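Peer 1: Hey, dropping query-v3.txt in here, compact mmCIF, C-alpha atoms:
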# COMPACT_ATOMS: atom_id res chain seq x y z
CA MET A 18 0.15 12.68 21.44
CA LYS A 19 -0.40 10.84 18.18
CA ILE A 20 -4.07 10.60 17.29
CA LEU A 21 -3.27 7.62 15.07
CA GLU A 22 -1.19 4.81 16.48
CA SER A 23 -1.11 1.48 14.71
CA THR A 24 -1.22 -1.58 16.95
CA GLN A 25 1.18 -4.38 16.03
CA SER A 26 -0.42 -7.40 14.37
CA PRO A 27 -0.79 -10.29 16.84
CA ARG A 28 0.88 -13.68 16.65
CA LEU A 29 -1.89 -16.15 15.96
CA ASP A 30 -0.28 -18.99 17.91
CA THR A 31 -0.07 -17.19 21.26
CA CYS A 32 -2.45 -14.20 21.11
CA SER A 33 -5.02 -13.46 23.79
CA ARG A 34 -8.63 -12.46 23.34
CA GLU A 35 -7.68 -8.98 24.54
CA ALA A 36 -4.95 -8.70 21.89
CA ILE A 37 -7.40 -9.55 19.11
CA LEU A 38 -9.98 -7.14 20.52
CA ASN A 39 -7.48 -4.28 20.73
CA TYR A 40 -6.19 -4.97 17.23
CA PHE A 41 -9.73 -4.87 15.85
CA LYS A 42 -10.56 -1.65 17.71
CA ASN A 43 -7.39 0.01 16.47
CA SER A 44 -8.08 -1.00 12.87
CA TRP A 45 -11.59 0.39 13.11
CA GLU A 46 -10.35 3.65 14.64
CA LEU A 47 -7.85 4.18 11.81
CA GLU A 48 -10.63 4.11 9.22
CA ASP A 49 -12.92 6.25 11.37
CA VAL A 50 -10.35 9.02 11.79
CA LEU A 51 -9.51 9.02 8.10
CA MET A 52 -13.13 9.12 6.93
CA ARG A 53 -14.00 11.88 9.39
CA SER A 54 -11.37 14.07 7.73
CA LEU A 55 -13.82 14.66 4.85
CA VAL A 56 -15.51 18.06 5.00
CA GLY A 57 -19.25 17.92 4.26
CA GLU A 58 -21.38 14.99 3.23
CA GLU A 59 -21.08 15.83 -0.46
CA ALA A 60 -17.40 14.82 -0.34
CA PHE A 61 -18.45 11.21 0.21
CA TYR A 62 -20.17 11.14 -3.18
CA LEU A 63 -17.04 12.18 -5.07
CA ASN A 64 -14.66 9.74 -6.69
CA PRO A 65 -11.25 11.47 -6.74
CA ASP A 66 -9.87 8.74 -8.98
CA PRO A 67 -12.16 8.02 -11.96
CA LEU A 68 -11.07 4.37 -11.82
CA ARG A 69 -12.23 3.94 -8.23
CA ASN A 70 -15.64 4.05 -6.56
CA ARG A 71 -17.09 7.04 -4.78
CA LEU A 72 -15.77 7.50 -1.27
CA ILE A 73 -19.06 6.44 0.29
CA PHE A 74 -18.36 2.94 -1.04
CA TYR A 75 -15.21 2.77 1.08
CA LEU A 76 -17.10 4.07 4.11
CA GLY A 77 -19.26 0.95 3.99
CA HIS A 78 -17.02 -1.60 2.31
CA SER A 79 -14.85 -2.80 5.21
CA ALA A 80 -17.83 -3.17 7.54
CA VAL A 81 -19.72 -5.24 4.96
CA PHE A 82 -16.65 -7.42 4.42
CA TYR A 83 -16.69 -8.45 8.10
CA ILE A 84 -20.32 -9.50 7.98
CA ASN A 85 -20.08 -11.44 4.73
CA LYS A 86 -16.94 -13.38 5.72
CA LEU A 87 -18.09 -14.14 9.26
CA ILE A 88 -21.38 -15.49 7.92
CA ARG A 89 -19.41 -17.71 5.51
CA VAL A 90 -17.73 -19.48 8.46
CA SER A 91 -20.91 -19.54 10.60
CA LEU A 92 -19.55 -17.23 13.28
CA LEU A 93 -22.53 -14.99 12.54
CA ASP A 94 -25.95 -16.29 11.59
CA ARG A 95 -27.81 -13.16 10.52
CA ARG A 96 -27.38 -10.18 8.25
CA ILE A 97 -27.67 -6.60 9.44
CA ASN A 98 -28.63 -4.97 6.13
CA PRO A 99 -28.82 -7.30 3.09
CA GLU A 100 -28.95 -4.35 0.66
CA TYR A 101 -25.75 -2.80 2.02
CA GLU A 102 -24.10 -6.21 2.14
CA THR A 103 -24.56 -6.39 -1.61
CA ILE A 104 -23.81 -2.89 -2.92
CA PHE A 105 -20.79 -2.37 -0.66
CA GLU A 106 -19.39 -5.85 -1.17
CA ILE A 107 -17.07 -5.97 -4.18
CA GLY A 108 -14.40 -3.51 -5.24
CA VAL A 109 -13.40 -2.75 -8.82
CA ASP A 110 -10.27 -2.75 -10.99
CA PRO A 111 -11.44 -1.26 -14.30
CA THR A 112 -9.20 -0.20 -17.17
CA ALA A 113 -11.43 2.77 -18.06
CA PRO A 114 -14.04 4.92 -16.25
CA GLU A 115 -16.73 3.51 -18.54
CA GLU A 116 -16.18 0.05 -17.08
CA LEU A 117 -16.72 1.42 -13.59
CA ASP A 118 -19.90 3.17 -14.71
CA ASP A 119 -21.23 -0.07 -16.17
CA ALA A 120 -20.35 -2.06 -13.07
CA MET A 121 -22.12 0.37 -10.74
CA LYS A 122 -25.07 1.12 -13.03
CA GLY A 123 -28.32 1.28 -11.09
CA VAL A 124 -26.68 1.63 -7.68
CA SER A 125 -28.40 4.21 -5.50
CA TRP A 126 -25.99 5.25 -2.77
CA PRO A 127 -27.53 5.63 0.69
CA GLU A 128 -27.27 8.65 2.98
CA VAL A 129 -23.90 9.13 4.67
CA GLU A 130 -25.51 9.19 8.11
CA ASP A 131 -27.13 5.82 7.45
CA VAL A 132 -23.81 4.25 6.47
CA TRP A 133 -22.16 5.56 9.64
CA ARG A 134 -25.04 4.04 11.60
CA TYR A 135 -24.50 0.71 9.81
CA ARG A 136 -20.80 0.86 10.70
CA ASP A 137 -21.73 1.32 14.36
CA GLN A 138 -23.95 -1.76 14.22
CA VAL A 139 -21.21 -3.88 12.66
CA TYR A 140 -18.69 -2.65 15.21
CA GLU A 141 -20.90 -3.76 18.11
CA GLU A 142 -21.59 -7.11 16.42
CA VAL A 143 -17.89 -7.88 15.95
CA ILE A 144 -17.02 -6.76 19.50
CA ALA A 145 -19.67 -9.11 20.87
CA LEU A 146 -18.34 -11.95 18.73
CA ILE A 147 -14.76 -11.50 19.90
CA ASN A 148 -15.87 -11.42 23.53
CA LYS A 149 -17.85 -14.66 23.35
CA VAL A 150 -16.19 -16.85 20.70
CA GLU A 151 -14.21 -19.87 21.82
CA LEU A 152 -10.53 -19.07 21.30
CA ASN A 153 -8.67 -22.19 20.23
CA LEU A 154 -5.08 -21.53 19.19
CA PRO A 155 -3.38 -21.48 16.83
CA ILE A 156 -5.58 -19.56 14.38
CA ALA A 157 -4.53 -21.23 11.14
CA GLN A 158 -5.87 -20.79 7.61
CA ARG A 159 -8.84 -23.17 8.03
CA HIS A 160 -9.75 -21.82 11.48
CA PRO A 161 -13.08 -19.91 11.57
CA LEU A 162 -11.35 -16.94 13.22
CA TRP A 163 -9.13 -16.62 10.15
CA ALA A 164 -12.18 -14.86 8.67
CA LEU A 165 -12.07 -12.31 11.49
CA MET A 166 -8.36 -11.68 10.97
CA MET A 167 -9.00 -11.39 7.23
CA GLY A 168 -11.57 -8.69 7.96
CA ILE A 169 -9.16 -6.78 10.17
CA GLU A 170 -6.30 -6.91 7.65
CA HIS A 171 -8.70 -6.04 4.82
CA SER A 172 -9.75 -2.88 6.67
CA ARG A 173 -6.07 -1.93 7.07
CA ILE A 174 -5.52 -2.31 3.34
CA HIS A 175 -8.47 -0.01 2.75
CA PHE A 176 -7.18 2.53 5.25
CA GLU A 177 -4.23 2.93 2.91
CA THR A 178 -6.36 2.75 -0.25
CA SER A 179 -8.70 5.43 1.08
CA SER A 180 -5.80 7.63 2.14
CA MET A 181 -4.60 7.68 -1.47
CA LEU A 182 -8.07 8.63 -2.71
CA ILE A 183 -8.62 11.31 -0.07
CA ARG A 184 -5.24 12.79 -0.92
CA GLN A 185 -6.58 13.47 -4.41
CA LEU A 186 -9.51 15.57 -3.17
CA PRO A 187 -9.27 19.38 -3.24
CA VAL A 188 -7.77 20.62 0.02
CA GLU A 189 -10.98 22.44 0.89
CA LYS A 190 -12.76 19.06 1.00
CA VAL A 191 -10.53 17.70 3.78
CA GLU A 192 -9.41 18.72 7.24
CA ARG A 193 -6.18 17.38 8.71
CA PRO A 194 -6.89 15.39 11.90
CA ILE A 195 -5.52 16.76 15.15
CA ASN A 196 -1.89 15.77 15.69
CA TRP A 197 -1.44 14.37 12.18
CA HIS A 198 2.20 15.32 11.68
CA TYR A 199 4.21 15.43 8.46
CA SER A 200 7.89 14.61 8.56
CA ALA A 201 10.57 17.30 8.47
CA THR A 202 12.49 18.07 5.28
CA ASN A 203 16.14 19.07 5.10
CA GLY A 204 16.79 19.99 1.47
CA ARG A 205 18.24 18.22 -1.54
CA VAL A 206 20.14 14.93 -1.17
CA THR A 207 23.44 14.84 -3.07
CA ASN A 208 24.95 11.46 -2.19
CA ASN A 209 22.57 8.92 -3.72
CA ASP A 210 25.37 6.79 -5.11
CA LYS A 211 25.10 3.18 -6.27
CA ILE A 212 26.24 0.43 -3.93
CA LEU A 213 27.51 -3.02 -4.85
CA VAL A 214 25.22 -5.81 -3.67
CA SER A 215 26.76 -9.26 -3.45
CA GLY A 216 24.72 -11.99 -5.06
CA GLY A 217 23.47 -15.16 -3.44
CA MET A 218 20.57 -17.54 -3.02
CA VAL A 219 17.31 -16.18 -1.67
CA GLU A 220 14.08 -17.91 -0.67
CA LEU A 221 10.74 -16.37 -1.60
CA GLY A 222 7.45 -17.13 0.10
CA LYS A 223 5.87 -17.19 3.53
CA PRO A 224 5.84 -20.56 5.34
CA GLU A 225 2.35 -22.03 5.71
CA ASN A 226 2.73 -22.21 9.48
CA TYR A 227 4.05 -18.68 9.95
CA PRO A 228 2.41 -17.26 13.11
CA THR A 229 0.85 -14.13 11.58
CA TYR A 230 -2.06 -13.65 9.21
CA GLY A 231 -1.17 -13.89 5.53
CA TRP A 232 -2.91 -13.31 2.20
CA ASP A 233 -2.86 -16.10 -0.37
CA ILE A 234 -0.33 -14.29 -2.58
CA GLU A 235 2.31 -14.45 0.17
CA TYR A 236 2.44 -18.25 0.26
CA GLY A 237 4.29 -20.67 -1.98
CA HIS A 238 8.02 -21.16 -2.17
CA CYS A 239 10.97 -20.95 -4.49
CA GLN A 240 14.71 -20.39 -4.37
CA VAL A 241 16.33 -17.90 -6.71
CA GLU A 242 19.98 -17.23 -7.40
CA VAL A 243 20.69 -13.51 -7.58
CA LYS A 244 23.74 -12.22 -9.41
CA PRO A 245 25.73 -9.30 -7.95
CA PHE A 246 24.31 -5.92 -8.96
CA LEU A 247 24.35 -2.22 -8.16
CA ALA A 248 21.50 -0.40 -6.40
CA SER A 249 21.01 3.21 -5.34
CA ARG A 250 21.67 3.91 -1.68
CA TYR A 251 18.35 5.73 -1.35
CA LEU A 252 14.98 5.74 -2.99
CA ILE A 253 14.90 8.31 -5.80
CA THR A 254 14.00 11.68 -4.29
CA ASN A 255 11.78 14.52 -5.44
CA GLY A 256 14.94 16.54 -6.02
CA GLU A 257 16.43 13.92 -8.33
CA PHE A 258 13.16 13.52 -10.19
CA LEU A 259 12.95 17.30 -10.57
CA ASP A 260 16.11 17.10 -12.69
CA PHE A 261 14.32 14.64 -14.98
CA VAL A 262 11.31 16.95 -15.25
CA ASN A 263 13.43 20.04 -15.90
CA ASP A 264 15.39 18.17 -18.56
CA GLY A 265 12.18 17.62 -20.54
CA GLY A 266 11.75 14.01 -19.50
CA TYR A 267 7.98 14.13 -19.88
CA GLU A 268 8.27 15.50 -23.42
CA ASN A 269 10.86 13.08 -24.81
CA GLN A 270 9.18 10.01 -26.27
CA GLU A 271 12.39 7.96 -26.24
CA TYR A 272 11.99 7.49 -22.47
CA TRP A 273 8.51 6.02 -22.78
CA ASN A 274 7.12 2.88 -24.43
CA ASN A 275 3.97 2.95 -26.55
CA GLN A 276 1.65 2.20 -23.64
CA SER A 277 3.14 4.74 -21.25
CA TRP A 278 3.44 7.47 -23.92
CA THR A 279 -0.23 6.98 -24.84
CA TRP A 280 -1.17 7.24 -21.16
CA LYS A 281 0.95 10.37 -20.70
CA LYS A 282 -0.49 12.12 -23.77
CA LYS A 283 -4.09 11.16 -22.99
CA HIS A 284 -3.94 12.55 -19.47
CA LYS A 285 -1.60 15.46 -20.31
CA VAL A 286 0.85 14.41 -17.62
CA LYS A 287 3.81 16.77 -17.21
CA HIS A 288 5.03 16.00 -13.68
CA PRO A 289 4.28 13.63 -10.77
CA LYS A 290 0.67 13.62 -9.65
CA PHE A 291 1.21 15.22 -6.26
CA TRP A 292 3.35 18.07 -7.55
CA ILE A 293 1.60 21.40 -8.14
CA LEU A 294 3.16 23.82 -10.63
CA THR A 295 3.15 27.45 -9.43
CA ASN A 296 4.88 30.65 -10.51
CA ASP A 297 7.59 29.92 -7.94
CA GLY A 298 8.22 26.30 -8.89
CA TYR A 299 6.52 23.23 -7.48
CA GLN A 300 4.40 22.77 -4.41
CA TYR A 301 3.55 19.33 -3.03
CA ARG A 302 0.19 17.86 -2.08
CA ALA A 303 0.59 16.07 1.23
CA MET A 304 -2.38 14.16 2.68
CA PHE A 305 -4.38 17.23 3.69
CA ASP A 306 -2.28 20.27 2.76
CA GLU A 307 -0.21 21.87 0.02
CA ILE A 308 3.38 22.45 1.14
CA LYS A 309 6.71 23.35 -0.43
CA LEU A 310 8.11 20.44 -2.48
CA PRO A 311 10.24 18.38 -0.03
CA LEU A 312 13.30 17.64 -2.15
CA ASP A 313 14.65 14.92 0.15
CA TRP A 314 11.45 12.87 0.37
CA PRO A 315 11.13 9.96 -2.04
CA VAL A 316 9.29 10.84 -5.22
CA GLU A 317 5.85 9.21 -5.60
CA VAL A 318 5.14 8.11 -9.15
CA ASN A 319 3.49 5.30 -11.04
CA HIS A 320 5.36 2.49 -12.80
CA HIS A 321 5.32 4.27 -16.17
CA GLU A 322 7.11 7.28 -14.71
CA ALA A 323 9.64 5.17 -12.83
CA ILE A 324 10.64 3.36 -16.03
CA ALA A 325 10.91 6.66 -17.93
CA PHE A 326 13.34 7.96 -15.30
CA CYS A 327 15.43 4.79 -15.64
CA ARG A 328 15.62 5.24 -19.42
CA TRP A 329 16.61 8.87 -18.95
CA GLN A 330 19.46 7.72 -16.70
CA GLY A 331 20.69 5.36 -19.41
CA GLU A 332 23.52 2.82 -19.02
CA GLY A 333 21.12 -0.04 -18.42
CA THR A 334 19.47 1.61 -15.42
CA ARG A 335 16.44 -0.38 -14.26
CA LEU A 336 14.25 -1.17 -11.28
CA MET A 337 15.14 -3.88 -8.80
CA GLY A 338 13.52 -7.30 -9.11
CA GLU A 339 11.60 -9.16 -6.42
CA ALA A 340 14.40 -11.65 -5.74
CA GLU A 341 16.96 -8.82 -5.52
CA TRP A 342 14.75 -6.89 -3.11
CA ASN A 343 14.35 -9.94 -0.87
CA LEU A 344 18.07 -10.61 -0.94
CA VAL A 345 19.08 -7.10 0.14
CA THR A 346 16.28 -6.85 2.70
CA THR A 347 17.40 -10.00 4.52
CA GLU A 348 21.14 -9.95 3.84
CA SER A 349 22.03 -8.69 7.31
CA GLY A 350 21.68 -12.27 8.51
CA GLU A 351 18.93 -11.39 10.97
CA GLY A 352 16.41 -13.22 8.85
CA LYS A 353 12.75 -12.62 8.24
CA GLN A 354 11.65 -13.60 11.73
CA LYS A 355 13.71 -10.80 13.30
CA LEU A 356 12.86 -8.26 10.61
CA GLU A 357 9.14 -8.82 11.07
CA GLN A 358 9.28 -7.67 14.67
CA GLU A 359 8.13 -4.12 14.00
CA SER A 360 10.08 -1.27 15.56
CA ASP A 361 10.73 2.41 15.10
CA ASP A 362 13.44 1.59 12.57
CA TYR A 363 11.16 2.17 9.57
CA ASN A 364 8.66 4.76 8.39
CA LEU A 365 5.79 2.28 8.62
CA ASN A 366 2.65 2.07 10.73
CA LEU A 367 2.05 5.85 10.67
CA LYS A 368 5.37 6.77 12.22
CA PHE A 369 4.81 9.97 10.24
CA GLY A 370 1.74 11.18 8.37
CA SER A 371 3.84 11.44 5.21
CA PRO A 372 7.01 10.19 3.58
CA SER A 373 10.24 11.21 5.30
CA PRO A 374 13.72 12.24 4.09
CA VAL A 375 15.61 9.32 2.57
CA GLY A 376 18.31 8.13 4.93
CA MET A 377 16.92 10.06 7.89
CA LEU A 378 16.21 6.91 9.90
CA GLU A 379 19.70 5.56 10.58
CA ASN A 380 18.51 2.08 11.52
CA ALA A 381 16.43 1.73 8.35
CA GLN A 382 19.39 0.44 6.36
CA ASN A 383 20.74 -2.99 5.52
CA SER A 384 24.29 -4.21 5.96
CA SER A 385 25.26 -2.95 2.48
CA GLY A 386 24.08 0.56 3.31
CA LEU A 387 20.79 0.65 1.38
CA TYR A 388 18.12 2.70 3.16
CA ASP A 389 14.32 2.47 3.28
CA LEU A 390 13.97 -0.98 1.77
CA ARG A 391 10.95 -1.14 4.03
CA GLY A 392 8.62 1.76 4.66
CA ASN A 393 8.56 5.40 3.54
CA VAL A 394 7.01 4.53 0.15
CA TRP A 395 6.33 1.25 -1.63
CA GLU A 396 9.05 0.27 -4.06
CA TRP A 397 8.02 -0.45 -7.64
CA LEU A 398 9.78 -3.53 -9.04
CA SER A 399 10.57 -4.79 -12.53
CA ASP A 400 8.44 -7.94 -12.05
CA LYS A 401 4.95 -8.47 -13.34
CA PHE A 402 2.58 -9.65 -10.62
CA ASN A 403 2.80 -13.42 -10.39
CA PRO A 404 2.09 -16.32 -8.03
CA LEU A 405 4.87 -18.23 -6.34
CA PRO A 406 5.15 -21.99 -6.98
CA GLY A 407 2.61 -23.76 -4.79
CA PHE A 408 0.15 -20.84 -4.77
CA LYS A 409 -3.41 -21.72 -3.69
CA PRO A 410 -6.28 -19.22 -3.44
CA HIS A 411 -7.92 -19.10 -0.02
CA PHE A 412 -11.47 -20.46 0.02
CA LEU A 413 -12.80 -17.36 1.80
CA TYR A 414 -11.47 -14.96 -0.84
CA GLU A 415 -10.69 -16.85 -4.02
CA ASP A 416 -10.50 -13.72 -6.17
CA TYR A 417 -8.17 -11.78 -3.87
CA SER A 418 -5.15 -12.08 -6.16
CA ALA A 419 -5.70 -14.78 -8.82
CA PRO A 420 -7.64 -12.55 -11.28
CA PHE A 421 -4.64 -10.23 -11.49
CA PHE A 422 -2.11 -12.73 -12.85
CA ASP A 423 -2.67 -11.16 -16.26
CA SER A 424 0.65 -9.41 -17.04
CA GLN A 425 -1.21 -6.10 -16.63
CA HIS A 426 -0.15 -5.50 -13.03
CA ASN A 427 3.28 -4.66 -11.65
CA MET A 428 4.70 -5.59 -8.28
CA MET A 429 5.71 -3.37 -5.39
CA LEU A 430 7.18 -4.36 -2.04
CA GLY A 431 8.24 -2.87 1.27
CA GLY A 432 5.23 -0.91 2.45
CA ALA A 433 4.79 2.83 2.93
CA TRP A 434 4.29 5.26 5.79
CA ALA A 435 0.53 4.53 5.64
CA THR A 436 0.95 0.74 5.56
CA THR A 437 -0.11 -1.03 8.76
CA GLY A 438 -0.78 -4.52 10.05
CA THR A 439 0.61 -7.60 8.33
CA GLU A 440 0.80 -5.66 5.05
CA ALA A 441 3.73 -3.82 6.69
CA LEU A 442 5.56 -7.09 7.27
CA LEU A 443 8.26 -8.49 5.06
CA HIS A 444 6.33 -11.20 3.22
CA TYR A 445 3.51 -9.07 1.82
CA ARG A 446 3.44 -8.86 -1.98
CA ASN A 447 1.53 -5.95 -3.52
CA TRP A 448 0.50 -5.07 -7.06
CA PHE A 449 -1.17 -2.37 -9.18
CA ARG A 450 -1.66 -1.43 -12.79
CA PRO A 451 1.33 0.56 -14.10
CA TYR A 452 -0.67 3.80 -14.39
CA PHE A 453 -2.12 3.65 -10.87
CA TYR A 454 -0.85 5.88 -8.11
CA GLN A 455 -0.13 4.67 -4.61
CA HIS A 456 2.23 5.90 -1.92
CA ALA A 457 4.91 4.38 -4.13
CA GLY A 458 8.32 5.26 -5.51
CA PHE A 459 11.44 3.41 -6.63
CA ARG A 460 15.18 3.03 -6.45
CA ILE A 461 17.41 2.35 -9.43
CA ALA A 462 19.62 -0.66 -10.12
CA GLN A 463 22.15 -1.81 -12.71
CA ASP A 464 23.75 -5.06 -13.77
CA LEU A 465 27.46 -5.14 -13.06
CA ASN A 466 28.42 -5.37 -16.74
CA LYS A 467 26.76 -2.02 -17.56
What is this structure when it is put down as structure tokens?

Peer 2:
Amino acid sequence: MKILESTQSPRLDTCSREAILNYFKNSWELEDVLMRSLVGEEAFYLNPDPLRNRLIFYLGHSAVFYINKLIRVSLLDRRINPEYETIFEIGVDPTAPEELDDAMKGVSWPEVEDVWRYRDQVYEEVIALINKVELNLPIAQRHPLWALMMGIEHSRIHFETSSMLIRQLPVEKVERPINWHYSATNGRVTNNDKILVSGGMVELGKPENYPTYGWDIEYGHCQVEVKPFLASRYLITNGEFLDFVNDGGYENQEYWNNQSWTWKKKHKVKHPKFWILTNDGYQYRAMFDEIKLPLDWPVEVNHHEAIAFCRWQGEGTRLMGEAEWNLVTTESGEGKQKLEQESDDYNLNLKFGSPSPVGMLENAQNSSGLYDLRGNVWEWLSDKFNPLPGFKPHFLYEDYSAPFFDSQHNMMLGGAWATTGTEALLHYRNWFRPYFYQHAGFRIAQDLNK
């Protein structure tokens, strides 16, 4: 039996009270199981990534988010702990550890037991609200219950965010939950050839009346003409990236621009973050364990490393663009409505507790034969993070995406094995700084004239 099973996000035009309640409970359980994997209270006061808060912040953050947003729309009329609802409120996106230190200066983190107790109080408060609130459908963007759905989806984002942080802890600081299963591995992939993708017109953007929750960055609309291009059948694997590493790719400056070379030298990066160099080659840090490097799983790298690999390949090799990704993801003719009905076709929603071999899931391919366009790992794109025409920030979370339209963040699409909820659906647009690590990889592309 799977200890973690992600409930499908409800349609907000037809959902029942029970469906919302179950979706909330499932979202809460996901975070609970993940946070209880930490061994000892001292682990909560570590920050595995120096550009992210200590883990105790994430223990309290999602719960505080519910209270603050529900008060904004008058579905709640009282606070539970005003101090917590301040210090656990706002996340960070610093460019250097010093910025994080300045932002959190003077914060005295509470006891872990007290934060768990606060979470229990919030849980009971939200359960009571769901059971008594008047349910008028549809739940659209100005509906008070949009704040509740925002809280649920926000907690699912932070399940994935926290999983990336916990993965960076020493293995002795974590304990793999019961029945958390990693995917199998079957050895090196040798047939990652490039496939011709026919061009065409593609529409970007989620319709305003789409019947699932959406973040502001998903909305807007434009049409883009995509020229024919080539794309790799699979995401680039650990085995393929190992060839780049063994060929001295991390030591050859011609594969890196000034920014990425400076980053690489400063942090003494010589291989992907979750590879561990041993006397017998490379091991791999999975969520809770160190295992033999799975050569057929997609490599997980940041944007800098993905671009360096493309330059090493030469011949105009590049990442796919957002319009290209949308074209190939919907080219089967089934359309976004069909594709957003989640199934076992993709390594999403915790199908596995890890990436899986590229091409293993036969149904996770499009009509051209490209695999894992959705799920397994996020796919880094060539685009800078940007709004679509018609973008409007949502009044409940005006700084969700707008502060990051700064040309300092790169886009990724498709979701990963740890992506759940509406973030695992087709319209979600994600972004990170180029040196940040997520459960993210890439596939390569080329223009036809190269």

Peer 1: Measuring between only C-alpha atoms, which one of A:Pro155, A:Pro224, A:Gly370, A:Gly256 shows the shortest distance to A:Leu29?

Peer 2: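 Of all the options, A:Pro155 lies closest to A:Leu29.
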
Peer 1: Between A:Arg450, A:His321, A:Arg89, A:His198, single out the one closest to A:Leu336, counting all atoms listed in the file.

Peer 2: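 Counting all atoms listed in the file, the residue closest to A:Leu336 is A:His321.
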
Peer 1: What separation in Å, quoted to one decimal, exists between atom CA of A:Asp110 and atom CA of A:Pro161?

Peer 2: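 We find that atom CA of A:Asp110 and atom CA of A:Pro161 lie 28.5 Å from each other.
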
Peer 1: Which residues, protein or nucleic acid, reach to within 12 Å of (-19.6, 17.5, 3.1) in the file's coordinates when using all atoms listed in the file, and can you give that as number ranges by chain?

Peer 2: A: 52-63, 72-73, 128-130, 189-192

Peer 1: One decimal, Å: what's the distance from atom CA of A:Leu38 over to atom CA of A:Arg136, could you say?

Peer 2: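 Calculated distance between atom CA of A:Leu38 and atom CA of A:Arg136 is 16.7 Å.
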